[in-house]
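For reference, work.csv (CSV, C-alpha atoms):
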chain,number,residue,atom,x,y,z
A,1,MET,CA,0.2,16.6,-13.2
A,2,LEU,CA,-0.5,12.9,-12.9
A,3,THR,CA,-0.5,12.4,-16.6
A,4,VAL,CA,3.0,14.0,-16.9
A,5,LEU,CA,4.3,11.8,-14.1
A,6,LEU,CA,2.8,8.7,-15.8
A,7,ASN,CA,4.7,9.5,-18.9
A,8,LYS,CA,7.9,9.7,-16.9
A,9,LEU,CA,7.3,6.4,-15.2
A,10,MET,CA,6.6,4.7,-18.5
A,11,LEU,CA,10.1,5.8,-19.6
A,12,HIS,CA,11.4,4.3,-16.3
A,13,LYS,CA,12.5,7.7,-15.1
A,14,HIS,CA,12.7,8.4,-11.4
A,15,LEU,CA,10.5,11.1,-9.7
A,16,THR,CA,11.5,13.7,-7.2
A,17,ALA,CA,10.1,13.8,-3.6
A,18,GLU,CA,8.1,16.8,-4.5
A,19,GLU,CA,6.6,15.1,-7.6
A,20,CYS,CA,5.6,12.1,-5.4
A,21,MET,CA,4.0,14.5,-2.8
A,22,ALA,CA,2.1,16.3,-5.6
A,23,ALA,CA,0.9,13.0,-7.1
A,24,LEU,CA,-0.3,11.8,-3.7
A,25,THR,CA,-2.2,15.0,-3.2
A,26,GLU,CA,-3.9,14.8,-6.6
A,27,MET,CA,-4.7,11.1,-6.2
A,28,SER,CA,-6.2,11.6,-2.7
A,29,GLN,CA,-8.9,13.9,-4.3
A,30,ARG,CA,-10.0,11.0,-6.6
A,31,PRO,CA,-8.4,7.9,-5.2
A,32,VAL,CA,-10.3,5.2,-7.2
A,33,THR,CA,-9.3,6.0,-10.8
A,34,VAL,CA,-7.4,4.3,-13.6
A,35,LYS,CA,-4.7,7.0,-13.4
A,36,ALA,CA,-4.1,6.4,-9.7
A,37,ALA,CA,-4.0,2.6,-10.3
A,38,ALA,CA,-1.6,3.1,-13.2
A,39,PHE,CA,0.7,5.5,-11.2
A,40,LEU,CA,1.0,3.1,-8.2
A,41,THR,CA,1.6,0.1,-10.4
A,42,LEU,CA,4.2,1.7,-12.6
A,43,LEU,CA,6.1,3.2,-9.7
A,44,HIS,CA,6.3,-0.1,-7.9
A,45,THR,CA,7.2,-2.0,-11.1
A,46,LYS,CA,10.0,0.5,-11.7
A,47,LYS,CA,11.2,0.0,-8.1
A,48,GLU,CA,11.0,3.0,-5.8
A,49,THR,CA,14.0,5.1,-4.9
A,50,VAL,CA,14.8,6.5,-1.5
A,51,GLU,CA,13.8,10.0,-2.6
A,52,GLU,CA,10.4,8.8,-4.0
A,53,LEU,CA,9.5,7.0,-0.8
A,54,LEU,CA,10.6,9.9,1.4
A,55,GLY,CA,8.2,12.1,-0.6
A,56,PHE,CA,5.4,9.7,0.1
A,57,ILE,CA,6.3,9.4,3.8
A,58,LYS,CA,6.4,13.2,4.2
A,59,LYS,CA,3.0,13.7,2.6
A,60,LEU,CA,1.3,10.9,4.6
A,61,LYS,CA,2.8,12.2,7.9
A,62,GLU,CA,1.0,15.5,7.3
A,63,SER,CA,-2.3,13.9,8.0
A,64,MET,CA,-1.1,11.3,10.5
A,65,LEU,CA,-2.4,11.3,14.1
A,66,PRO,CA,0.9,11.5,16.0
A,67,ILE,CA,1.7,9.8,19.3
A,68,THR,CA,3.9,11.7,21.7
A,69,SER,CA,5.9,9.2,23.8
A,70,GLN,CA,7.7,10.3,26.9
A,71,LYS,CA,10.1,7.5,26.4
A,72,LYS,CA,12.2,6.4,23.4
A,73,CYS,CA,10.4,3.4,21.9
A,74,LEU,CA,10.9,0.4,19.7
A,75,ASP,CA,9.0,-1.2,16.9
A,76,ILE,CA,9.5,-4.8,15.6
A,77,VAL,CA,7.9,-4.8,12.3
A,78,GLY,CA,8.0,-6.4,8.8
A,79,THR,CA,6.9,-5.4,5.3
A,80,GLY,CA,4.9,-8.6,5.0
A,81,GLY,CA,4.5,-10.0,1.6
A,82,ASP,CA,6.8,-13.0,2.0
A,83,GLY,CA,3.8,-15.3,1.3
A,84,PHE,CA,4.8,-18.0,3.8
A,85,ASN,CA,1.9,-17.6,6.3
A,86,THR,CA,4.1,-17.9,9.3
A,87,VAL,CA,2.8,-17.3,12.8
A,88,ASN,CA,2.9,-13.7,14.1
A,89,ILE,CA,6.5,-13.6,15.2
A,90,SER,CA,7.2,-9.8,15.1
A,91,THR,CA,4.0,-9.1,17.1
A,92,LEU,CA,4.7,-11.6,19.8
A,93,SER,CA,8.3,-10.5,19.9
A,94,SER,CA,7.1,-6.9,20.5
A,95,LEU,CA,5.0,-8.0,23.4
A,96,VAL,CA,8.1,-9.8,24.9
A,97,THR,CA,10.3,-6.7,24.7
A,98,ALA,CA,7.6,-4.7,26.4
A,99,SER,CA,7.4,-7.3,29.2
A,100,LEU,CA,11.1,-6.7,29.7
A,101,GLY,CA,10.7,-3.0,30.2
A,102,VAL,CA,11.3,-1.7,26.6
A,103,PRO,CA,8.6,0.8,25.5
A,104,THR,CA,7.3,-0.8,22.4
A,105,ALA,CA,4.9,0.8,20.0
A,106,LYS,CA,3.7,-1.8,17.5
A,107,HIS,CA,2.2,-0.3,14.4
A,108,GLY,CA,0.2,-2.7,12.1
A,109,ASN,CA,-2.8,-3.6,10.1
A,110,ARG,CA,-5.0,-6.5,9.2
A,111,SER,CA,-3.7,-9.2,6.9
A,112,VAL,CA,-2.7,-8.3,3.4
A,113,SER,CA,-0.8,-11.4,2.2
A,114,SER,CA,-1.1,-13.8,5.1
A,115,LEU,CA,-4.0,-15.4,7.0
A,116,SER,CA,-3.3,-13.3,10.1
A,117,GLY,CA,-1.9,-9.8,10.2
A,118,SER,CA,-0.6,-8.1,13.4
A,119,ALA,CA,-4.0,-6.4,14.0
A,120,ASP,CA,-5.9,-9.8,13.6
A,121,PHE,CA,-3.5,-11.4,16.1
A,122,ILE,CA,-3.7,-8.5,18.7
A,123,GLU,CA,-7.5,-8.7,18.4
A,124,ALA,CA,-7.5,-12.5,18.9
A,125,LEU,CA,-5.5,-11.9,22.2
A,126,GLY,CA,-8.4,-9.7,23.3
A,127,ILE,CA,-6.7,-6.3,23.0
A,128,PRO,CA,-9.0,-3.6,21.4
A,129,LEU,CA,-7.8,-2.0,18.2
A,130,THR,CA,-9.8,1.2,18.4
A,131,ILE,CA,-8.1,3.4,21.0
A,132,SER,CA,-7.4,7.2,20.8
A,133,PRO,CA,-3.9,8.7,20.6
A,134,ASN,CA,-4.2,9.8,24.2
A,135,GLN,CA,-5.0,6.2,25.3
A,136,ALA,CA,-2.2,4.9,23.2
A,137,GLU,CA,0.2,7.2,24.9
A,138,GLN,CA,-1.1,6.2,28.3
A,139,ALA,CA,-0.7,2.5,27.6
A,140,LEU,CA,2.9,3.0,26.3
A,141,GLN,CA,3.7,5.0,29.5
A,142,GLU,CA,2.1,2.7,32.0
A,143,MET,CA,2.5,-0.8,30.3
A,144,ASN,CA,5.4,-0.2,27.9
A,145,PHE,CA,3.2,-1.4,25.0
A,146,THR,CA,0.7,0.0,22.7
A,147,PHE,CA,-0.8,-1.2,19.4
A,148,LEU,CA,-1.3,1.5,16.8
A,149,TYR,CA,-3.9,0.3,14.3
A,150,ALA,CA,-2.8,1.9,11.0
A,151,PRO,CA,-6.3,2.8,9.6
A,152,HIS,CA,-7.1,4.9,12.7
A,153,PHE,CA,-3.9,6.9,12.6
A,154,HIS,CA,-3.5,7.4,8.8
A,155,PRO,CA,-6.7,8.9,7.3
A,156,MET,CA,-5.0,9.7,3.9
A,157,LEU,CA,-3.8,6.1,3.6
A,158,GLN,CA,-7.4,4.9,4.2
A,159,LEU,CA,-8.6,6.8,1.1
A,160,PHE,CA,-6.7,4.3,-1.0
A,161,LYS,CA,-8.1,1.2,0.7
A,162,GLU,CA,-10.7,0.4,-2.1
A,163,LEU,CA,-8.2,1.0,-4.9
A,164,ARG,CA,-5.6,-1.3,-3.3
A,165,GLN,CA,-8.3,-4.0,-2.8
A,166,GLU,CA,-9.4,-3.7,-6.4
A,167,LEU,CA,-5.9,-3.9,-7.7
A,168,GLY,CA,-5.0,-6.9,-5.7
A,169,VAL,CA,-1.3,-6.6,-6.2
A,170,ARG,CA,1.5,-5.1,-4.2
A,171,THR,CA,2.1,-1.3,-4.6
A,172,THR,CA,4.3,1.4,-3.1
A,173,PHE,CA,1.9,1.5,-0.1
A,174,ASN,CA,3.0,-2.0,1.0
A,175,LEU,CA,6.5,-0.8,1.5
A,176,LEU,CA,5.5,2.4,3.4
A,177,GLY,CA,3.6,0.8,6.3
A,178,PRO,CA,6.6,-0.1,8.5
A,179,LEU,CA,8.0,3.5,8.0
A,180,LEU,CA,4.8,5.3,9.2
A,181,ASN,CA,4.6,4.4,12.9
A,182,PRO,CA,2.8,7.4,14.5
A,183,ALA,CA,5.0,7.0,17.6
A,184,GLN,CA,8.1,7.7,15.4
A,185,PRO,CA,10.3,5.2,17.2
A,186,HIS,CA,14.0,5.8,17.8
A,187,TYR,CA,14.6,2.0,17.5
A,188,TYR,CA,13.6,-0.7,15.0
A,189,VAL,CA,13.9,-4.3,14.1
A,190,MET,CA,12.5,-4.1,10.5
A,191,GLY,CA,12.1,-7.1,8.3
A,192,VAL,CA,11.9,-7.0,4.5
A,193,TYR,CA,10.5,-9.7,2.3
A,194,ARG,CA,13.2,-9.3,-0.4
A,195,GLN,CA,16.9,-9.2,0.0
A,196,ASP,CA,17.4,-6.3,-2.4
A,197,LEU,CA,15.2,-4.1,0.0
A,198,LEU,CA,17.8,-4.3,2.8
A,199,ALA,CA,19.9,-1.4,1.5
A,200,LEU,CA,16.9,0.6,0.5
A,201,PHE,CA,15.3,0.4,4.0
A,202,ALA,CA,18.6,1.0,5.8
A,203,THR,CA,19.1,4.2,3.8
A,204,LEU,CA,15.5,5.3,4.4
A,205,LEU,CA,15.9,4.8,8.2
A,206,THR,CA,19.1,6.7,8.1
A,207,GLU,CA,17.4,9.6,6.3
A,208,LEU,CA,14.6,9.4,8.9
A,209,ASN,CA,17.2,9.9,11.7
A,210,VAL,CA,16.5,6.7,13.5
A,211,GLU,CA,18.9,6.2,16.4
A,212,ARG,CA,19.5,2.4,16.0
A,213,ALA,CA,17.8,-0.2,13.8
A,214,LEU,CA,18.3,-3.6,12.4
A,215,VAL,CA,17.0,-4.2,8.9
A,216,VAL,CA,16.7,-8.0,8.5
A,217,HIS,CA,15.9,-10.7,5.9
A,218,SER,CA,16.1,-14.4,6.3
A,219,GLN,CA,15.8,-17.0,3.6
A,220,GLY,CA,12.8,-15.2,2.0
A,221,LEU,CA,11.2,-14.2,5.3
A,222,ASP,CA,10.7,-10.7,6.6
A,223,GLU,CA,12.1,-11.5,10.0
A,224,ILE,CA,15.0,-13.3,11.6
A,225,SER,CA,14.4,-17.0,11.4
A,226,LEU,CA,15.8,-20.5,12.1
A,227,LEU,CA,15.7,-21.4,8.4
A,228,GLY,CA,19.3,-20.4,8.1
A,229,PRO,CA,21.5,-17.3,8.5
A,230,SER,CA,19.8,-13.9,8.4
A,231,ASP,CA,21.2,-10.9,6.6
A,232,ILE,CA,21.3,-7.8,8.7
A,233,TYR,CA,22.0,-4.1,8.0
A,234,GLU,CA,22.6,-2.3,11.3
A,235,ILE,CA,22.1,1.4,11.5
A,236,ASN,CA,23.8,3.3,14.4
A,237,ASP,CA,23.5,7.1,14.4
A,238,ARG,CA,23.5,7.2,10.5
A,239,GLU,CA,26.3,4.7,10.1
A,240,ILE,CA,25.4,1.4,8.4
A,241,LYS,CA,27.2,-1.9,8.8
A,242,LYS,CA,26.3,-5.3,7.2
A,243,TYR,CA,26.7,-8.8,8.7
A,244,SER,CA,25.1,-12.2,9.0
A,245,LEU,CA,23.4,-13.8,12.0
A,246,ASP,CA,23.6,-17.6,12.2
A,247,PRO,CA,21.2,-19.1,14.7
A,248,LYS,CA,23.6,-22.0,15.3
A,249,GLU,CA,26.1,-19.5,16.8
A,250,PHE,CA,23.5,-18.9,19.6
A,251,GLY,CA,22.8,-22.5,20.3
A,252,PHE,CA,19.7,-23.0,18.1
A,253,GLN,CA,19.1,-25.6,15.4
A,254,TYR,CA,17.8,-24.8,11.9
A,255,CYS,CA,14.1,-25.6,11.3
A,256,ARG,CA,11.8,-26.1,8.3
A,257,ILE,CA,9.4,-23.4,7.1
A,258,GLU,CA,6.5,-25.8,8.0
A,259,ASP,CA,7.6,-25.5,11.7
A,260,LEU,CA,6.8,-21.8,11.7
A,261,GLN,CA,3.6,-21.8,9.6
A,262,GLY,CA,0.2,-21.1,11.2
A,263,GLY,CA,-3.3,-20.2,10.1
A,264,ASN,CA,-5.8,-17.7,11.1
A,265,ALA,CA,-5.3,-15.4,14.1
A,266,GLU,CA,-7.0,-17.7,16.6
A,267,LYS,CA,-4.8,-20.7,15.5
A,268,ASN,CA,-1.7,-18.6,15.6
A,269,LYS,CA,-2.5,-17.4,19.1
A,270,ASN,CA,-3.0,-21.0,20.3
A,271,LEU,CA,0.2,-22.2,18.5
A,272,ILE,CA,2.3,-19.4,20.0
A,273,LEU,CA,1.0,-19.5,23.5
A,274,HIS,CA,1.4,-23.3,23.5
A,275,SER,CA,5.0,-23.1,22.2
A,276,LEU,CA,6.0,-20.6,24.9
A,277,GLN,CA,5.1,-23.2,27.5
A,278,LYS,CA,7.4,-25.8,26.0
A,279,SER,CA,11.1,-25.8,26.7
A,280,ASN,CA,12.5,-25.9,23.2
A,281,ASN,CA,10.8,-25.5,19.8
A,282,PRO,CA,11.2,-23.5,16.6
A,283,ILE,CA,8.4,-21.0,17.2
A,284,LYS,CA,9.7,-20.1,20.7
A,285,ASN,CA,13.3,-20.0,19.6
A,286,THR,CA,12.4,-17.7,16.7
A,287,ILE,CA,10.7,-15.4,19.1
A,288,ILE,CA,13.8,-15.4,21.3
A,289,LEU,CA,15.9,-14.4,18.4
A,290,ASN,CA,13.7,-11.6,17.3
A,291,ALA,CA,12.9,-10.2,20.7
A,292,GLY,CA,16.6,-10.5,21.6
A,293,CYS,CA,17.5,-8.4,18.6
A,294,GLY,CA,14.8,-6.0,19.7
A,295,LEU,CA,16.6,-5.6,23.1
A,296,TYR,CA,19.9,-4.9,21.4
A,297,ALA,CA,18.3,-2.4,18.9
A,298,ALA,CA,16.7,-0.6,21.9
A,299,LYS,CA,20.1,-0.4,23.7
A,300,LYS,CA,18.8,-2.6,26.5
A,301,ALA,CA,21.6,-5.1,25.7
A,302,GLU,CA,25.2,-4.4,24.8
A,303,THR,CA,25.4,-7.2,22.2
A,304,LEU,CA,23.0,-9.4,20.2
A,305,ALA,CA,24.1,-12.4,22.3
A,306,GLN,CA,23.3,-10.7,25.5
A,307,GLY,CA,19.8,-9.6,24.2
A,308,ILE,CA,19.1,-13.2,23.1
A,309,ALA,CA,20.3,-14.6,26.4
A,310,LEU,CA,18.1,-12.2,28.4
A,311,VAL,CA,15.0,-13.1,26.4
A,312,LYS,CA,15.7,-16.9,26.7
A,313,GLN,CA,16.0,-16.6,30.5
A,314,HIS,CA,12.9,-14.5,30.7
A,315,LEU,CA,10.8,-17.0,28.7
A,316,GLU,CA,11.9,-19.9,31.0
A,317,THR,CA,9.8,-18.3,33.7
A,318,ASP,CA,6.1,-17.4,33.7
A,319,HIS,CA,6.8,-13.7,33.9
A,320,PHE,CA,5.9,-13.0,30.3
A,321,LEU,CA,2.5,-14.8,30.5
A,322,GLN,CA,1.7,-12.9,33.7
A,323,TYR,CA,2.6,-9.6,32.0
A,324,LEU,CA,0.4,-10.5,28.9
A,325,GLU,CA,-2.6,-11.2,31.2
A,326,LYS,CA,-2.2,-7.9,32.9
A,327,LEU,CA,-1.7,-6.0,29.6
A,328,ILE,CA,-4.9,-7.6,28.1
A,329,ALA,CA,-6.9,-6.6,31.2
A,330,TYR,CA,-5.4,-3.1,31.1
A,331,CYS,CA,-6.2,-2.6,27.4
A,332,GLN,CA,-9.7,-3.9,27.7
A,333,ASN,CA,-10.3,-1.5,30.5
A,334,ILE,CA,-9.2,1.6,28.5
A,335,GLY,CA,-11.1,0.2,25.5
A,336,GLU,CA,-14.3,0.3,27.5
A,337,ASN,CA,-13.6,4.0,28.1
A,338,HIS,CA,-13.0,4.6,24.4
A,339,GLU,CA,-12.4,8.2,23.3
A,340,GLN,CA,-13.6,9.4,19.9
A,341,LEU,CA,-10.8,9.6,17.4
A,342,PRO,CA,-10.5,13.0,15.7
A,343,HIS,CA,-12.1,13.2,12.2
Could you take the file, read its structure, and then write that structure out as structure tokens?
Amino acid sequence: MLTVLLNKLMLHKHLTAEECMAALTEMSQRPVTVKAAAFLTLLHTKKETVEELLGFIKKLKESMLPITSQKKCLDIVGTGGDGFNTVNISTLSSLVTASLGVPTAKHGNRSVSSLSGSADFIEALGIPLTISPNQAEQALQEMNFTFLYAPHFHPMLQLFKELRQELGVRTTFNLLGPLLNPAQPHYYVMGVYRQDLLALFATLLTELNVERALVVHSQGLDEISLLGPSDIYEINDREIKKYSLDPKEFGFQYCRIEDLQGGNAEKNKNLILHSLQKSNNPIKNTIILNAGCGLYAAKKAETLAQGIALVKQHLETDHFLQYLEKLIAYCQNIGENHEQLPH
């Protein structure tokens, strides 16, 4: 089967969802092979279609450990891969929305293209990565936040870890991560590292029946930034509209990429926590923008402006840092009572 599909890809022909599911099944039986590497590389080089990615998503969800949330939840997430090594904006923004009462299920992994992935940053804060689905549900219910460490919830995806490391280049799997949240959120702020991915991801989220989402890209970054205007595709109950968000319209000044860059997880933690305690700086203002958009996406604000204003007001107090302290203590407590994950 895989040989037939390789020949199709070499002719730049698109695959059906069923062919992608069959390919994934075959590759999972022998994940570290030349054929598997060739398939993933050729598919990504051709540029994946909505149907191809939906086939991958459907197959990977079959083995996923799901999270059942009693509340509709939000994820603020990016594809990664922009190569700018910015501080962990989406992860901190997720914590801010949770502190404002929005159930937020952050799905992520260790670093792929940066010095600090979302999992590295969460770990630096002192929050355990290895919790069971039941404990994740409990944290989401009681603290409005849970971090879902991708390798624990996607056993099939883990089979390809060695192959992806050996390849050392981006593949289809890099695009899939943001779309595989085990909590299956109703709301998203989803950043993409290339402008041409905006329409693709907006269509995918529509097909996945997401209630409201903002797919965003800003000056090469996979998040809303102060580098200049951000392109946004907004999905509302299967309808898509496009617009631009200019930080200056919300009272913010543009910044340089150097103002948002960090280092390893420990450095990023210190940079972010320090920036939150200052009144006005690029890192804090970028977090305000992204978390404000998160409030709007989760229908906790009627407009983007209202969401941004709510976050700005919230971060002028010490309420967020108090919440973060409580969350870390809570997660460490459930981490000590760790349940075994199903095999």
ask   = From the set A:Gln195, A:Gln165, A:Asn181, A:Ser69, which residue has the shortest atom-to-atom contact distance to Leu140 (chain A), counting all atoms listed in the file?
value =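 The shortest atom-to-atom distance to Leu140 (chain A) comes from A:Ser69.
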key: Surrounding residues of Tyr233 (chain A) excluding itself and chain neighbours under 2 positions, 8 Å, all atoms listed in the file, as number ranges by chain   = A: 198-199, 202, 214-216, 231, 235, 240-243
key: Distance criterion (all atoms listed in the file): nearest to Ala139 (chain A) out of A:Gln70, A:Glu316, A:Pro185, A:Leu200   = A:Gln70
inquiry  = Neighbouring residues of Gln135 (chain A) were defined as those with any atom within 12 Å, considering all atoms listed in the file; residues of the same chain fewer than 5 positions away were excluded. Please report them as a PyMOL selection string.
reply    = chain A and resi 67-69+128-130+140-143+145-148+330-341
request  = Go through A:Leu43, A:Leu167, A:Leu175, A:Leu53 one by one, measure the shortest atom-to-atom distance of each to Tyr193 (chain A) using only C-alpha atoms, and give the residue with the smallest value.
outcome  = A:Leu175
key: Atomic distance CA of Lys299 (chain A) - CA of Gly191 (chain A), expressed in Å with one decimal   =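 Computed distance, CA of Lys299 (chain A) to CA of Gly191 (chain A), equals 18.6 Å.
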inquiry  = Can you measure CA of Glu162 (chain A) to CA of Pro31 (chain A) for me? One decimal in Å is fine.
reply    = 8.4 Å
ask   = In Å, how far is it from CA of Ser132 (chain A) to CA of Pro182 (chain A)?
value =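 Here the two named atoms are 12.0 Å from each other.
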task = Name the closest residue to Gly126 (chain A) among the candidates A:Phe320, A:Lys269, A:Glu62, A:Asn174; distances are taken between atoms, counting all atoms listed in the file.
result =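 Among the listed residues, the smallest separation from Gly126 (chain A) belongs to A:Lys269.
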key: Shell of 7 Å around region 80-88 of chain A, only C-alpha atoms, local chain residues under 5 positions omitted, as a list in words   =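 After dropping sequence-adjacent residues, the list is Ser113, Ser114, Leu115, Ser118, Tyr193, Gly220, Leu221, Asp222, Leu260, Gln261, Gly262, Gly263 and Asn268 of chain A.
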Might you pull out every residue within 12 Å of Glu211 (chain A), with all atoms listed in the file counted and same-chain residues fewer than 5 positions away left off, and present them as a compact mmCIF listing (two decimals) with C-alpha atoms, in the coordinates of the input?
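This is the output file around_0.txt:
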# COMPACT_ATOMS: atom_id res chain seq x y z
CA LYS A 72 12.20 6.40 23.40
CA CYS A 73 10.40 3.40 21.90
CA LEU A 74 10.90 0.40 19.70
CA GLN A 184 8.10 7.70 15.40
CA PRO A 185 10.30 5.20 17.20
CA HIS A 186 14.00 5.80 17.80
CA TYR A 187 14.60 2.00 17.50
CA TYR A 188 13.60 -0.70 15.00
CA VAL A 189 13.90 -4.30 14.10
CA ALA A 202 18.60 1.00 5.80
CA LEU A 205 15.90 4.80 8.20
CA THR A 206 19.10 6.70 8.10
CA GLU A 234 22.60 -2.30 11.30
CA ILE A 235 22.10 1.40 11.50
CA ASN A 236 23.80 3.30 14.40
CA ASP A 237 23.50 7.10 14.40
CA ARG A 238 23.50 7.20 10.50
CA GLU A 239 26.30 4.70 10.10
CA ILE A 240 25.40 1.40 8.40
CA ALA A 297 18.30 -2.40 18.90
CA ALA A 298 16.70 -0.60 21.90
CA LYS A 299 20.10 -0.40 23.70
inquiry  = I'd like the neighbourhood of Ala38 (chain A) as a PyMOL selection string, where a residue qualifies if any of its atoms comes within 10 Å (using only C-alpha atoms), though same-chain residues fewer than 3 positions away should be ignored.
reply    = chain A and resi 2-3+6+9-10+33-35+41-43+167
Could region 219-235 of chain A be completed with N, CA and C atoms and returned as a PDB file, in the frame of the given file?
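Listed below is the output, part-v2.pdb:
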ATOM      1  N   GLN A 219      16.208 -15.926   4.427  1.00  0.00           N
ATOM      2  CA  GLN A 219      15.800 -17.000   3.600  1.00  0.00           C
ATOM      3  C   GLN A 219      14.357 -16.820   3.005  1.00  0.00           C
ATOM      4  N   GLY A 220      14.078 -15.572   2.585  1.00  0.00           N
ATOM      5  CA  GLY A 220      12.800 -15.200   2.000  1.00  0.00           C
ATOM      6  C   GLY A 220      11.769 -14.706   3.013  1.00  0.00           C
ATOM      7  N   LEU A 221      12.083 -14.744   4.309  1.00  0.00           N
ATOM      8  CA  LEU A 221      11.200 -14.200   5.300  1.00  0.00           C
ATOM      9  C   LEU A 221      11.514 -12.805   5.732  1.00  0.00           C
ATOM     10  N   ASP A 222      10.485 -12.060   6.140  1.00  0.00           N
ATOM     11  CA  ASP A 222      10.700 -10.700   6.600  1.00  0.00           C
ATOM     12  C   ASP A 222      10.926 -10.586   8.076  1.00  0.00           C
ATOM     13  N   GLU A 223      11.731 -11.509   8.599  1.00  0.00           N
ATOM     14  CA  GLU A 223      12.100 -11.500  10.000  1.00  0.00           C
ATOM     15  C   GLU A 223      13.294 -12.432  10.181  1.00  0.00           C
ATOM     16  N   ILE A 224      13.926 -12.376  11.335  1.00  0.00           N
ATOM     17  CA  ILE A 224      15.000 -13.300  11.600  1.00  0.00           C
ATOM     18  C   ILE A 224      14.388 -14.677  11.869  1.00  0.00           C
ATOM     19  N   SER A 225      14.995 -15.717  11.302  1.00  0.00           N
ATOM     20  CA  SER A 225      14.400 -17.000  11.400  1.00  0.00           C
ATOM     21  C   SER A 225      15.417 -18.107  11.689  1.00  0.00           C
ATOM     22  N   LEU A 226      14.925 -19.313  11.900  1.00  0.00           N
ATOM     23  CA  LEU A 226      15.800 -20.500  12.100  1.00  0.00           C
ATOM     24  C   LEU A 226      15.950 -21.280  10.805  1.00  0.00           C
ATOM     25  N   LEU A 227      15.526 -20.715   9.688  1.00  0.00           N
ATOM     26  CA  LEU A 227      15.700 -21.400   8.400  1.00  0.00           C
ATOM     27  C   LEU A 227      17.100 -21.444   7.937  1.00  0.00           C
ATOM     28  N   GLY A 228      17.900 -20.531   8.466  1.00  0.00           N
ATOM     29  CA  GLY A 228      19.300 -20.400   8.100  1.00  0.00           C
ATOM     30  C   GLY A 228      19.795 -19.052   8.522  1.00  0.00           C
ATOM     31  N   PRO A 229      20.975 -18.634   8.064  1.00  0.00           N
ATOM     32  CA  PRO A 229      21.500 -17.300   8.500  1.00  0.00           C
ATOM     33  C   PRO A 229      20.594 -16.179   7.978  1.00  0.00           C
ATOM     34  N   SER A 230      20.580 -15.105   8.752  1.00  0.00           N
ATOM     35  CA  SER A 230      19.800 -13.900   8.400  1.00  0.00           C
ATOM     36  C   SER A 230      20.798 -12.808   7.980  1.00  0.00           C
ATOM     37  N   ASP A 231      20.428 -12.055   6.958  1.00  0.00           N
ATOM     38  CA  ASP A 231      21.200 -10.900   6.600  1.00  0.00           C
ATOM     39  C   ASP A 231      20.723  -9.681   7.361  1.00  0.00           C
ATOM     40  N   ILE A 232      21.661  -8.921   7.900  1.00  0.00           N
ATOM     41  CA  ILE A 232      21.300  -7.800   8.700  1.00  0.00           C
ATOM     42  C   ILE A 232      22.080  -6.532   8.285  1.00  0.00           C
ATOM     43  N   TYR A 233      21.353  -5.425   8.154  1.00  0.00           N
ATOM     44  CA  TYR A 233      22.000  -4.100   8.000  1.00  0.00           C
ATOM     45  C   TYR A 233      21.680  -3.363   9.293  1.00  0.00           C
ATOM     46  N   GLU A 234      22.720  -3.028  10.032  1.00  0.00           N
ATOM     47  CA  GLU A 234      22.600  -2.300  11.300  1.00  0.00           C
ATOM     48  C   GLU A 234      22.839  -0.842  11.128  1.00  0.00           C
ATOM     49  N   ILE A 235      21.909  -0.016  11.598  1.00  0.00           N
ATOM     50  CA  ILE A 235      22.100   1.400  11.500  1.00  0.00           C
ATOM     51  C   ILE A 235      22.337   1.938  12.949  1.00  0.00           C
TER      52      ILE A 235
END
